Amino acid sequence: MADERNFRSHYYDKVGFRAVEEKKSVEILLKEQTIDNSKLFQFVLRFPLISAYRLTVWKYLLGVVPVYQEIHEFVMEQRREQFHDLKHALIVMEKIDEKTQPSAVFLQMYLINEGCLPYDEICMLQEPRNQAFMAITDSVSEISSSEVETFWLAVKFFQYLDKFKSFMQILPQRTEDYLKKEDKDGTLFNHLQKLHVFEVIPLQHWFECCFARVLPEDTFERIWDRVLGGSCKVMVFVAVAMLLTYKWTILNMNSAEKIIQMLETDISVDSGEMIVNHALELWQKYGHQLLPSLSHADSPVPDARPSA
């Protein structure tokens with residue numbers, strides 16, 4: 001029976017029936033005068049978002065705009081004013097100019113808004129947490145149409161990931177655990193251990209930026225949907241799927257440095273699509289096996305979500 005359901009779902013996906021139903025469902029949710037964010041959280045956790053509505057849904061879930069539609073324009077006008085005030089302050093302080101990379105501009109705007117803009121710019125840019133923020137802004141800018149929207153989505157998503165900070169520390173070990181389960185013959189896992197890859201692979205950074213700058217455009221956002229739905233555990237399966245997708249390439253490499261360089265620079269859009277599909281399959285496969293240390297992070301609970 002399970003196989004029959006899986007075949008039927010796959011067939012509906014192929015002919016577009018499921019996409020039509022999901023489009024109608026999200027349109028209904030977004031037509032309400034007062035948006036029910038709890039339903040949106042459940043939707044993005046269970047179903048894929050179509051790209052036309054993704055940024056709108058993200059803005060609600062992250063609190064960039066309020067759930068009350070009648071005050072959207074007022075709130076966004078305040079966001080625009082604050083954006084321009086922050087940027088102008090940095091120009092007056094001679095911290096930025098027209099040559100400054102947008103991600104570095106957004107980072108300093110975020111830091112000055114938080115009251116923690118450092119004096120040493122070189123150390124600021126090298127700080128791992130700040131690098132994660134800049135990676136997020138770069139990825140958001142790929143799918144956003146305005147600087148204001150990019151900045152606030154990046155800031156709110158970055159702050160949202162902080163909700164999972166205590167869980168982030170154990171995700172690298174969970175990656176090893178699930179890779180060992182999925183690498184049936186053990187050749188990949190043993191090869192990675194032999195080369196000490198697990199000791200140097202930047203899993204923590206990948207999780208802190210939610211695979212921004214690692215997965216290509218048109219693929220990373222599907223993972224972000226699930227994270228916004230309340231599941232940080234899905235990121236474990238992205239890492240596992242990455243390693244399994246490149247298994248035979250990795251087995252032919254003889255150094256950890258080459259493996260990491262390949263994973264961070266050579267993932268094409270097609271490969272990214274394969275990785276994300278495999279990751280979501282693994283996430284669904286193990287979704288019912290929530291470990292105690294991850295149970296809260298993988299159920300969409302109110303304290304893991306931003307306020308509207």
# chains A, B, ... in the order shown; residues from 1 in each chain; ligands from 1

call {"tool": "residues_around", "arguments": {"residues": "A:Val65", "least_positions_apart": "6", "cutoff": "8 Å", "atoms": "only C-alpha atoms", "output": "short mmCIF file (atom, residue, chain, number, x, y, z; two decimals) with C-alpha atoms, in the first residue's frame"}}
result
data_model
loop_
_atom_site.label_atom_id
_atom_site.label_comp_id
_atom_site.auth_asym_id
_atom_site.auth_seq_id
_atom_site.Cartn_x
_atom_site.Cartn_y
_atom_site.Cartn_z
CA LYS A 59 8.13 37.66 4.84
CA HIS A 72 1.69 46.27 5.26
CA VAL A 75 5.41 48.73 8.06
CA MET A 76 7.37 48.40 4.81
CA ALA A 308 4.86 38.61 13.65
#

call {"tool": "residues_around", "arguments": {"residues": "A:Leu86", "least_positions_apart": "4", "cutoff": "9 Å", "atoms": "only C-alpha atoms", "output": "count of residues only"}}
result
9

call {"tool": "residues_around", "arguments": {"residues": "A:Glu199", "least_positions_apart": "4", "cutoff": "12 Å", "atoms": "only C-alpha atoms", "output": "list of chain:residue names"}}
result
A:Pro172, A:Gln173, A:Glu176, A:Leu192, A:Gln193, A:Lys194, A:Leu195, A:Leu203, A:Gln204, A:Ala256, A:Glu257, A:Ile260

call {"tool": "residues_around", "arguments": {"residues": "stretch 217-231 of chain A", "least_positions_apart": "2", "cutoff": "9 Å", "atoms": "only C-alpha atoms", "output": "number ranges by chain"}}
result
A: 40-49, 51, 54, 58, 61-62, 139-140, 142-143, 157, 160-161, 210-215, 233-235, 238, 269, 272-273, 275-276, 279-280, 296-302, 304-305

call {"tool": "select_by_dssp", "arguments": {"residues": "stretch 162-231 of chain A", "states": "helix (DSSP H, G or I)", "output": "VMD selection string"}}
result
chain A and resid 162 to 168 171 to 182 187 to 194 197 to 200 203 to 208 220 to 228

call {"tool": "closest_residue", "arguments": {"among": "A:Phe151, A:Tyr68, A:Phe167, A:Phe237", "to": "A:Ala104", "atoms": "only C-alpha atoms"}}
result
A:Phe151
